[in-house]
Amino acid sequence: MLVNAEKMLKDAKKGKYAVAQFNINNLEWTKYILEEAQELETDIILGVSEGAIKYMGGYNVVFSIVDSLVKDLGININVCLHLDHGSTFESCKKAVDAGFTSIMIDASKYPIEDNIKLTKEVVDYAHSKGVTVEAEIGRISGTEDNLYDEKYNASLEECILLVTKTGIDFLAPALGSVHGLYNGEPNLDFSTMKQLNQKLNIPLVLHGGTGICESDLKKAITCGICKINFNTELQIAWTKGIKDFMNSNENIYDPRKIISSGEKNIKQIVREKIRILSNK
Ligand code: 13P
């Protein structure tokens with residue numbers, strides 16, 4: 001069933017676990033992630049960046065793929081379709097209008113007043129349609145579609161302002177994580193995470209899940225993180241599956257065989273992350 005993220009993240013906060021957001025890049029990944037989550041009977045968030053939406057053909061295409069797979073595969077777990085790093089009001093509106101159940105407005109590149117203004121506009125529109133909203137503050141750098149060279153951590157004061165002035169449902173504070181591969185070891189600011197959790201009664205989100213070790217992921221959950229995003233790790237695993245297959249099957253040209261040679265690897269990562277995040 002397609003749902004917004006409100007209940008699943010509130011439940012996660014109460015139960016001291018986190019829900020995984022896996023980013024999707026095509027039809028096949030979406031199918032693999034849904035099948036694995038269904039098998040594990042767990043709530044799941046499918047994140048889609050603006051770049052992936054463009055690649056897949058548009059907001060309506062993405063919605064139709066997810067909605068149709070949920071129906072045709074008989075998926076009966078809770079599935080949230082979430083816009084990852086929406087950069088403008090128009091982009092967020094397109095996602096809401098297409099049927100996405102949750103969106104992220106990432107106005108973190110703007111000064112705090114402008115971040116608040118844009119985020120609030122998005123919240124007003126999304127909430128009027130029953131869609132949940134995530135917002136970001138501080139700067140998460142890395143290699144996603146939203147390329148920022150610099151990175152800086154969110155301050156407690158700014159996080160409180162953004163949450164209280166906008167009414168967002170969950171907050172992604174930049175606290176040392178990066179998108180893509182880490183240059184060295186991740187250095188997460190658990191202390192600010194903990195303080196935010198004490199001061200703000202909303203679920204916190206950790207971006208850049210790739211490369212963060214199991215113990216740090218678990219520690220983040222104890223500090224209030226209820227949603228953790230993974231993308232790069234799936235990309236690396238899937239590409240390895242394809243390369244291995246192509247190297248030993250040079251004469252195969254059926255795209256179904258080639259593309260699905262990454263299925264096992266994707267499903268393995270999904271299973272492993274869900275195990276870690278479920279905190280059992
Ligand atoms: P990684 O690509 O580092 O796993 O991060 C994904 C992410 O945070 C998407 O918003």
# chains A, B, ... in the order shown; residues from 1 in each chain; ligands from 1
>>> residues_near_ligand(ligand="ligand 1", cutoff="7 Å", atoms="only C-alpha atoms and all ligand atoms", output="NGL selection string")
:A and (23 or 84-85 or 144 or 178-181 or 207-210 or 229-233)
>>> write_last_selection(atoms="all heavy atoms", output="compact mmCIF listing (two decimals), in the first residue's frame")
# COMPACT_ATOMS: atom_id res chain seq x y z
N ASN A 23 17.23 4.47 -2.78
CA ASN A 23 16.93 5.25 -3.99
C ASN A 23 16.75 4.33 -5.19
O ASN A 23 17.44 3.32 -5.31
CB ASN A 23 18.05 6.26 -4.25
CG ASN A 23 17.91 7.48 -3.36
OD1 ASN A 23 17.61 7.36 -2.18
ND2 ASN A 23 18.11 8.64 -3.91
N ASP A 84 13.50 12.80 -3.40
CA ASP A 84 14.75 13.03 -2.68
C ASP A 84 15.37 14.35 -3.17
O ASP A 84 15.53 14.54 -4.37
CB ASP A 84 15.68 11.85 -2.96
CG ASP A 84 16.86 11.78 -2.02
OD1 ASP A 84 16.76 12.28 -0.89
OD2 ASP A 84 17.90 11.20 -2.43
N HIS A 85 15.68 15.24 -2.26
CA HIS A 85 16.33 16.51 -2.60
C HIS A 85 15.58 17.34 -3.65
O HIS A 85 16.18 17.77 -4.65
CB HIS A 85 17.78 16.29 -3.08
CG HIS A 85 18.67 15.77 -2.01
ND1 HIS A 85 19.16 16.54 -0.98
CD2 HIS A 85 19.14 14.51 -1.78
CE1 HIS A 85 19.89 15.79 -0.18
NE2 HIS A 85 19.89 14.55 -0.63
N GLU A 144 25.97 13.21 -5.31
CA GLU A 144 24.61 13.02 -5.81
C GLU A 144 24.35 14.06 -6.90
O GLU A 144 25.22 14.78 -7.33
CB GLU A 144 23.61 13.23 -4.67
CG GLU A 144 23.62 12.12 -3.65
CD GLU A 144 22.82 10.91 -4.10
OE1 GLU A 144 21.67 11.09 -4.52
OE2 GLU A 144 23.35 9.81 -4.04
N VAL A 178 28.22 12.22 4.11
CA VAL A 178 28.34 12.70 2.72
C VAL A 178 27.61 11.74 1.79
O VAL A 178 27.43 10.57 2.10
CB VAL A 178 29.82 12.82 2.25
CG1 VAL A 178 30.63 13.73 3.14
CG2 VAL A 178 30.48 11.46 2.12
N HIS A 179 27.20 12.26 0.66
CA HIS A 179 26.63 11.40 -0.38
C HIS A 179 27.78 10.75 -1.15
O HIS A 179 28.75 11.41 -1.46
CB HIS A 179 25.79 12.21 -1.36
CG HIS A 179 24.52 12.73 -0.77
ND1 HIS A 179 24.18 14.05 -0.81
CD2 HIS A 179 23.51 12.09 -0.14
CE1 HIS A 179 23.00 14.21 -0.23
NE2 HIS A 179 22.57 13.04 0.19
N GLY A 180 27.63 9.50 -1.45
CA GLY A 180 28.68 8.82 -2.22
C GLY A 180 29.75 8.28 -1.30
O GLY A 180 29.50 8.06 -0.10
N LEU A 181 30.95 8.08 -1.85
CA LEU A 181 32.00 7.43 -1.07
C LEU A 181 32.70 8.44 -0.16
O LEU A 181 32.89 9.60 -0.53
CB LEU A 181 33.01 6.78 -2.02
CG LEU A 181 32.40 5.67 -2.88
CD1 LEU A 181 33.44 5.12 -3.86
CD2 LEU A 181 31.84 4.54 -2.01
N HIS A 207 21.28 11.21 5.82
CA HIS A 207 21.62 11.00 4.41
C HIS A 207 23.00 10.37 4.31
O HIS A 207 23.76 10.38 5.27
CB HIS A 207 21.61 12.35 3.67
CG HIS A 207 20.23 12.80 3.31
ND1 HIS A 207 19.79 12.88 2.03
CD2 HIS A 207 19.19 13.16 4.09
CE1 HIS A 207 18.53 13.29 2.02
NE2 HIS A 207 18.15 13.48 3.27
N GLY A 208 23.30 9.85 3.13
CA GLY A 208 24.66 9.33 2.91
C GLY A 208 24.94 8.07 3.69
O GLY A 208 26.01 7.93 4.30
N GLY A 209 24.00 7.14 3.68
CA GLY A 209 24.16 5.89 4.44
C GLY A 209 25.31 5.02 3.96
O GLY A 209 25.92 4.27 4.74
N THR A 210 25.65 5.14 2.68
CA THR A 210 26.74 4.33 2.11
C THR A 210 28.05 4.60 2.85
O THR A 210 28.42 5.76 3.04
CB THR A 210 26.94 4.68 0.62
OG1 THR A 210 25.77 4.29 -0.09
CG2 THR A 210 28.16 3.99 0.03
N ASN A 229 19.19 6.94 4.42
CA ASN A 229 19.14 6.84 2.96
C ASN A 229 20.35 6.11 2.39
O ASN A 229 21.49 6.40 2.77
CB ASN A 229 19.15 8.25 2.35
CG ASN A 229 17.95 9.07 2.73
OD1 ASN A 229 17.07 8.62 3.44
ND2 ASN A 229 17.91 10.31 2.26
N PHE A 230 20.07 5.23 1.44
CA PHE A 230 21.14 4.49 0.75
C PHE A 230 20.94 4.57 -0.75
O PHE A 230 19.84 4.32 -1.25
CB PHE A 230 21.12 3.00 1.15
CG PHE A 230 21.29 2.75 2.62
CD1 PHE A 230 20.18 2.58 3.44
CD2 PHE A 230 22.56 2.70 3.18
CE1 PHE A 230 20.32 2.35 4.79
CE2 PHE A 230 22.71 2.47 4.55
CZ PHE A 230 21.59 2.30 5.36
N ASN A 231 22.01 4.88 -1.45
CA ASN A 231 21.96 4.89 -2.91
C ASN A 231 23.24 4.31 -3.51
O ASN A 231 23.22 3.28 -4.19
CB ASN A 231 21.72 6.32 -3.42
CG ASN A 231 21.52 6.37 -4.92
OD1 ASN A 231 21.19 5.37 -5.55
ND2 ASN A 231 21.74 7.53 -5.52
N THR A 232 24.37 4.96 -3.20
CA THR A 232 25.64 4.58 -3.85
C THR A 232 25.96 3.09 -3.67
O THR A 232 26.43 2.43 -4.59
CB THR A 232 26.79 5.44 -3.28
OG1 THR A 232 26.42 6.81 -3.42
CG2 THR A 232 28.09 5.18 -4.00
N GLU A 233 25.70 2.57 -2.47
CA GLU A 233 26.04 1.18 -2.21
C GLU A 233 25.27 0.24 -3.15
O GLU A 233 25.79 -0.77 -3.60
CB GLU A 233 25.72 0.86 -0.74
CG GLU A 233 26.76 -0.04 -0.11
CD GLU A 233 26.70 -0.04 1.40
OE1 GLU A 233 26.56 1.05 2.01
OE2 GLU A 233 26.80 -1.13 1.98
>>> residues_around(residues="Ala237 in chain A", least_positions_apart="3", cutoff="10 Å", atoms="only C-alpha atoms", output="list in words")
Thr232, Glu233, Leu234, Lys240, Gly241, Ile242, Gly262, Glu263, Lys264, Asn265, Ile266, Lys267, Gln268 and Ile269 of chain A
>>> write_last_selection(atoms="C-alpha atoms", output="mmCIF file, in the first residue's frame")
data_model
loop_
_atom_site.group_PDB
_atom_site.id
_atom_site.type_symbol
_atom_site.label_atom_id
_atom_site.label_comp_id
_atom_site.auth_asym_id
_atom_site.auth_seq_id
_atom_site.Cartn_x
_atom_site.Cartn_y
_atom_site.Cartn_z
ATOM 1 C CA THR A 232 25.636 4.577 -3.850
ATOM 2 C CA GLU A 233 26.040 1.176 -2.209
ATOM 3 C CA LEU A 234 23.244 -0.194 -4.373
ATOM 4 C CA LYS A 240 29.551 -5.285 -9.987
ATOM 5 C CA GLY A 241 26.873 -7.874 -10.706
ATOM 6 C CA ILE A 242 26.548 -6.651 -14.284
ATOM 7 C CA GLY A 262 22.502 -7.186 -10.658
ATOM 8 C CA GLU A 263 19.352 -8.356 -8.864
ATOM 9 C CA LYS A 264 20.987 -10.653 -6.325
ATOM 10 C CA ASN A 265 23.447 -7.971 -5.239
ATOM 11 C CA ILE A 266 20.742 -5.323 -4.835
ATOM 12 C CA LYS A 267 18.591 -7.675 -2.799
ATOM 13 C CA GLN A 268 21.527 -8.615 -0.578
ATOM 14 C CA ILE A 269 22.229 -4.976 0.294
#
>>> closest_residue(among="A:Cys92, A:Ile228, A:Ala172, A:Ile65", to="Val122 in chain A", atoms="only C-alpha atoms")
A:Cys92
>>> closest_residue(among="A:Phe190, A:Phe245, A:Trp238, A:Phe170", to="Ile103 in chain A", atoms="only C-alpha atoms")
A:Phe170
>>> select_by_dssp(residues="range 27-211 of chain A", states="strand (DSSP E or B)", output="PyMOL selection string")
chain A and resi 44-49+79-86+102-105+132-137+139+142+152+170-173+179+204-206
>>> closest_residue(among="A:Ile45, A:Met193, A:Tyr125, A:Leu2", to="Glu90 in chain A", atoms="only C-alpha atoms")
A:Tyr125
>>> closest_residue(among="A:Asn279, A:Gln198, A:Asn26, A:Thr119", to="Leu156 in chain A", atoms="only C-alpha atoms")
A:Gln198
>>> closest_residue(among="A:Glu50, A:Glu6, A:Glu272, A:Asp189", to="Lys94 in chain A", atoms="only C-alpha atoms")
A:Glu50
>>> select_by_dssp(residues="range 113-246 of chain A", states="helix (DSSP H, G or I)", output="MDAnalysis selection string")
chainID A and resid 113:128 156:166 190:199 214:222 232:246
>>> atom_distance(atom1="CA of Gly184 in chain A", atom2="CA of Glu214 in chain A")
16.4 Å
>>> closest_residue(among="A:Ile53, A:Val62, A:Ala154, A:Leu277", to="Cys213 in chain A", atoms="only C-alpha atoms")
A:Leu277
>>> residues_around(residues="Cys159 in chain A", least_positions_apart="5", cutoff="8 Å", atoms="only C-alpha atoms", output="list in words")
Ile137, Ala154, Leu171, Pro173 and Leu196 of chain A
